[in-house]
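File shown: input.cif (mmCIF, C-alpha atoms).
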```cif
data_query
#
loop_
_atom_site.label_atom_id
_atom_site.label_comp_id
_atom_site.auth_asym_id
_atom_site.auth_seq_id
_atom_site.Cartn_x
_atom_site.Cartn_y
_atom_site.Cartn_z
CA MET A 1 120.91 101.22 105.56
CA LYS A 2 121.07 104.11 103.08
CA LYS A 3 119.43 101.93 100.40
CA SER A 4 116.47 101.10 102.68
CA ARG A 5 116.04 104.80 103.61
CA THR A 6 116.06 105.70 99.92
CA LYS A 7 113.50 102.98 99.18
CA GLY A 8 111.36 104.18 102.09
CA ALA A 9 111.45 107.79 100.89
CA SER A 10 110.65 106.68 97.35
CA GLY A 11 107.72 104.63 98.68
CA GLU A 12 106.41 107.62 100.62
CA ARG A 13 106.52 109.81 97.50
CA GLU A 14 104.87 107.08 95.44
CA ALA A 15 102.10 106.57 98.03
CA ALA A 16 101.53 110.32 98.32
CA ASP A 17 101.23 110.55 94.53
CA LEU A 18 98.66 107.73 94.51
CA ILE A 19 96.59 109.33 97.29
CA ARG A 20 96.79 112.69 95.49
CA SER A 21 95.68 111.16 92.17
CA ILE A 22 92.62 109.54 93.81
CA THR A 23 91.53 112.24 96.27
CA GLY A 24 92.93 115.42 94.72
CA THR A 25 94.40 116.30 98.12
CA LYS A 26 97.76 118.06 98.12
CA LEU A 27 100.24 116.01 100.15
CA ARG A 28 103.89 116.05 101.01
CA ARG A 29 106.32 113.72 102.73
CA THR A 30 106.76 114.65 106.36
CA PRO A 31 110.13 116.35 106.97
CA LEU A 32 112.48 114.20 109.02
CA SER A 33 113.25 116.78 111.67
CA GLY A 34 113.21 115.77 115.31
CA GLY A 35 110.72 117.05 117.84
CA MET A 36 107.85 117.37 115.39
CA GLU A 37 104.32 116.92 116.67
CA PHE A 38 103.26 115.19 113.45
CA LYS A 39 104.74 111.72 113.03
CA GLY A 40 103.01 110.30 109.93
CA ASP A 41 104.93 109.62 106.72
CA VAL A 42 102.81 112.01 104.64
CA GLN A 43 100.80 115.03 105.63
CA THR A 44 98.12 117.00 103.88
CA LEU A 45 98.58 120.62 102.93
CA GLU A 46 94.85 121.36 102.89
CA ASP A 47 91.55 120.31 104.38
CA GLY A 48 90.13 117.11 103.01
CA ILE A 49 89.68 113.42 103.61
CA VAL A 50 93.36 112.75 104.32
CA ARG A 51 93.61 115.31 107.14
CA ASP A 52 91.71 113.03 109.54
CA HIS A 53 94.15 110.15 109.08
CA HIS A 54 97.58 109.20 110.34
CA ILE A 55 99.24 107.32 107.47
CA GLU A 56 102.24 105.06 108.06
CA ILE A 57 103.77 103.99 104.74
CA LYS A 58 105.81 100.81 104.36
CA ARG A 59 107.47 99.83 101.08
CA VAL A 60 109.23 96.60 102.06
CA GLU A 61 109.41 92.99 100.92
CA ALA A 62 109.00 91.45 104.38
CA LEU A 63 106.47 93.61 106.21
CA ASN A 64 105.96 92.96 109.89
CA LEU A 65 102.37 94.19 109.81
CA PRO A 66 101.73 93.88 113.57
CA LYS A 67 104.82 96.01 114.23
CA ALA A 68 103.85 98.57 111.56
CA TRP A 69 100.32 98.70 112.98
CA ARG A 70 101.62 99.28 116.51
CA GLN A 71 103.83 102.10 115.21
CA ALA A 72 100.88 103.71 113.41
CA CYS A 73 98.63 103.41 116.47
CA ASP A 74 101.31 104.62 118.90
CA ASP A 75 102.03 107.69 116.76
CA CYS A 76 98.40 108.43 115.87
CA PRO A 77 96.70 111.27 117.76
CA PRO A 78 93.33 110.33 119.32
CA SER A 79 91.53 112.63 116.87
CA LYS A 80 92.81 110.75 113.81
CA THR A 81 92.43 107.30 112.26
CA ALA A 82 95.51 105.07 112.01
CA ILE A 83 96.30 103.63 108.58
CA VAL A 84 99.17 101.49 107.32
CA MET A 85 99.64 101.76 103.56
CA HIS A 86 102.01 99.09 102.27
CA ARG A 87 103.30 97.24 99.24
CA ARG A 88 106.00 94.86 98.09
CA ASN A 89 107.90 95.12 94.80
CA ASN A 90 105.72 94.64 91.72
CA THR A 91 102.46 94.64 93.68
CA GLU A 92 99.75 97.20 94.21
CA TRP A 93 99.34 99.33 97.32
CA MET A 94 97.24 97.90 100.14
CA VAL A 95 95.73 99.66 103.13
CA THR A 96 95.29 98.25 106.63
CA VAL A 97 92.76 99.98 108.86
CA ARG A 98 90.62 98.95 111.85
CA ALA A 99 87.51 97.01 110.80
CA ALA A 100 85.24 99.46 112.66
CA ASP A 101 86.75 102.38 110.75
CA TYR A 102 86.43 100.58 107.41
CA TRP A 103 82.80 99.62 107.92
CA GLY A 104 82.07 103.09 109.26
CA TYR A 105 83.45 104.60 106.03
CA LEU A 106 81.26 102.32 103.95
CA ALA A 107 78.19 103.22 106.01
CA GLU A 108 78.94 106.95 105.55
CA LEU A 109 79.42 106.43 101.82
CA GLU A 110 76.12 104.58 101.55
CA GLU A 111 74.37 107.37 103.48
CA LEU A 112 75.85 109.99 101.13
CA ARG A 113 74.73 107.99 98.10
CA SER A 114 71.19 107.69 99.43
CA LEU A 115 71.09 111.46 100.08
CA LYS A 116 72.14 112.15 96.47
CA VAL A 117 69.47 109.78 95.11
CA ALA A 118 66.78 111.39 97.30
CA ALA A 119 67.75 114.93 96.17
#
```
Mind turning this structure into C-alpha coordinates?
Amino acid sequence: MKKSRTKGASGEREAADLIRSITGTKLRRTPLSGGMEFKGDVQTLEDGIVRDHHIEIKRVEALNLPKAWRQACDDCPPSKTAIVMHRRNNTEWMVTVRAADYWGYLAELEELRSLKVAA
(Lines of atoms letter the chains of each structure in order from A and count residues from 1; the text may use other names and numbers.)
(Lines give C-alpha, C1' and ligand atoms only; values in the text may rest on other atoms or scores of the structure.)
Protein backbone atom coordinates (compact mmCIF):
# COMPACT_ATOMS: atom_id res chain seq x y z
CA MET A 1 0.00 0.00 0.00
CA LYS A 2 2.80 2.44 0.87
CA LYS A 3 4.52 1.69 -2.47
CA SER A 4 1.36 2.54 -4.45
CA ARG A 5 0.89 5.79 -2.47
CA THR A 6 4.50 6.72 -3.19
CA LYS A 7 4.03 5.93 -6.88
CA GLY A 8 0.82 7.98 -6.92
CA ALA A 9 2.49 10.97 -5.29
CA SER A 10 5.43 10.68 -7.69
CA GLY A 11 3.00 10.55 -10.62
CA GLU A 12 1.20 13.65 -9.37
CA ARG A 13 4.49 15.58 -9.13
CA GLU A 14 5.54 14.34 -12.57
CA ALA A 15 2.19 15.33 -14.13
CA ALA A 16 2.28 18.74 -12.44
CA ASP A 17 5.80 19.29 -13.80
CA LEU A 18 4.63 18.40 -17.32
CA ILE A 19 1.62 20.74 -17.13
CA ARG A 20 3.86 23.50 -15.75
CA SER A 21 6.43 23.02 -18.54
CA ILE A 22 3.73 23.30 -21.24
CA THR A 23 1.48 26.02 -19.80
CA GLY A 24 3.82 27.96 -17.51
CA THR A 25 1.18 27.68 -14.77
CA LYS A 26 2.45 27.26 -11.22
CA LEU A 27 0.98 24.08 -9.75
CA ARG A 28 1.28 22.02 -6.62
CA ARG A 29 0.06 18.65 -5.44
CA THR A 30 -3.09 18.98 -3.39
CA PRO A 31 -2.40 18.48 0.33
CA LEU A 32 -3.93 15.27 1.66
CA SER A 33 -5.83 16.85 4.53
CA GLY A 34 -9.42 15.84 5.16
CA GLY A 35 -12.36 18.16 4.76
CA MET A 36 -10.88 20.15 1.91
CA GLU A 37 -13.22 21.69 -0.64
CA PHE A 38 -10.75 21.01 -3.46
CA LYS A 39 -10.41 17.34 -4.34
CA GLY A 40 -8.21 17.29 -7.47
CA ASP A 41 -4.71 15.83 -7.41
CA VAL A 42 -3.05 19.09 -8.44
CA GLN A 43 -4.15 22.66 -8.03
CA THR A 44 -3.03 25.88 -9.61
CA LEU A 45 -1.46 28.67 -7.61
CA GLU A 46 -2.45 31.37 -10.10
CA ASP A 47 -5.00 32.26 -12.73
CA GLY A 48 -4.60 30.48 -16.02
CA ILE A 49 -5.84 27.65 -18.17
CA VAL A 50 -5.48 25.00 -15.45
CA ARG A 51 -7.70 26.83 -12.94
CA ASP A 52 -10.86 25.88 -14.85
CA HIS A 53 -10.11 22.16 -14.67
CA HIS A 54 -10.40 19.39 -12.13
CA ILE A 55 -7.46 17.06 -12.81
CA GLU A 56 -7.44 13.48 -11.53
CA ILE A 57 -4.01 11.90 -12.01
CA LYS A 58 -3.49 8.16 -12.29
CA ARG A 59 -0.03 6.59 -12.62
CA VAL A 60 -0.89 2.88 -12.69
CA GLU A 61 -0.28 -0.14 -14.88
CA ALA A 62 -3.89 -1.37 -14.89
CA LEU A 63 -6.06 1.73 -15.07
CA ASN A 64 -9.78 1.28 -14.60
CA LEU A 65 -10.61 4.31 -16.74
CA PRO A 66 -14.40 4.22 -16.15
CA LYS A 67 -13.77 4.22 -12.39
CA ALA A 68 -11.19 7.02 -12.64
CA TRP A 69 -13.57 9.02 -14.83
CA ARG A 70 -16.42 8.59 -12.34
CA GLN A 71 -14.13 9.77 -9.53
CA ALA A 72 -13.09 12.84 -11.53
CA CYS A 73 -16.69 13.69 -12.42
CA ASP A 74 -17.99 13.07 -8.90
CA ASP A 75 -15.32 15.32 -7.38
CA CYS A 76 -15.47 18.00 -10.08
CA PRO A 77 -17.36 21.21 -9.23
CA PRO A 78 -19.98 22.23 -11.83
CA SER A 79 -17.88 25.27 -12.79
CA LYS A 80 -14.89 23.15 -13.82
CA THR A 81 -14.03 20.59 -16.51
CA ALA A 82 -13.19 17.04 -15.41
CA ILE A 83 -9.93 15.58 -16.71
CA VAL A 84 -8.18 12.27 -16.07
CA MET A 85 -4.46 12.43 -16.80
CA HIS A 86 -2.91 8.96 -16.85
CA ARG A 87 0.07 6.87 -17.85
CA ARG A 88 1.62 3.45 -17.43
CA ASN A 89 5.34 2.78 -16.92
CA ASN A 90 7.51 3.76 -19.88
CA THR A 91 4.68 5.48 -21.74
CA GLU A 92 3.73 9.09 -22.28
CA TRP A 93 0.98 10.91 -20.41
CA MET A 94 -2.52 10.75 -21.88
CA VAL A 95 -5.54 12.90 -21.10
CA THR A 96 -9.17 11.80 -21.06
CA VAL A 97 -11.79 14.52 -21.34
CA ARG A 98 -15.40 14.70 -22.56
CA ALA A 99 -15.63 14.89 -26.35
CA ALA A 100 -17.71 18.09 -26.18
CA ASP A 101 -15.03 19.77 -24.05
CA TYR A 102 -12.24 18.63 -26.38
CA TRP A 103 -13.96 19.84 -29.54
CA GLY A 104 -14.94 23.04 -27.78
CA TYR A 105 -11.27 23.69 -26.96
CA LEU A 106 -10.30 23.13 -30.57
CA ALA A 107 -13.03 25.48 -31.78
CA GLU A 108 -11.84 28.18 -29.33
CA LEU A 109 -8.25 27.68 -30.48
CA GLU A 110 -9.26 28.01 -34.11
CA GLU A 111 -11.20 31.18 -33.32
CA LEU A 112 -8.16 32.66 -31.53
CA ARG A 113 -5.93 31.79 -34.48
CA SER A 114 -8.30 33.44 -36.94
CA LEU A 115 -8.40 36.59 -34.76
CA LYS A 116 -4.58 36.76 -34.77
CA VAL A 117 -4.45 36.36 -38.56
CA ALA A 118 -7.09 39.08 -39.04
CA ALA A 119 -5.23 41.53 -36.76
Considering only C-alpha atoms, return as an MDAnalysis selection string whatever protein or nucleic-acid residues lie within 12 Å of A:Ala100, sequence-local ones (same chain, fewer than 6 positions apart) excluded.
-> chainID A and resid 81:82 106:107
Pull out every residue that the PyMOL selection byres ((chain A and resi 58) around 7) matches in the shown coordinates and put them as a PyMOL selection string.
-> chain A and resi 8+56-57+59-60+85-87
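Here atom CA of A:Lys7 stands at a distance of 22.5 Å from atom CA of A:Ile22.
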Per-axis box centre and lengths in Å around stretch 8-19 of chain A, 6 Å margin per side, axis-aligned, as AutoDock Vina command-line options:
```
--center_x 104.0 --center_y 107.4 --center_z 98.3 --size_x 26.9 --size_y 18.4 --size_z 19.6
```
To one decimal in Å, tell me the separation between atom CA of A:Leu63 and atom CA of A:Tyr105.
->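 Value for the atom CA of A:Leu63-atom CA of A:Tyr105 distance: 25.5 Å.
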Taking the file as shown, what set of residues would the PyMOL selection byres ((chain A and resi 95) around 8) give back, as a PyMOL selection string?
-> chain A and resi 83-86+93-94+96-97
Give as a PyMOL selection string every residue, naming chains and numbers as the document does, that has an atom within 12 Å of (100.6, 100.5, 115.8), counting only C-alpha atoms.
-> chain A and resi 40+54-56+64-77+81-84+96-98
Can you tell me how far atom CA of A:Glu110 sits from atom CA of A:Leu18, in Å to one decimal?
->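 Here the two named atoms are 23.8 Å from each other.
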Tell me which of A:Asp101, A:Glu92, A:Glu108, A:Asp41 sits closest to A:Leu27, counting all atoms listed in the file.
->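 Of A:Asp101, A:Glu92, A:Glu108, A:Asp41, the one nearest A:Leu27, counting all atoms listed in the file, is A:Asp41.
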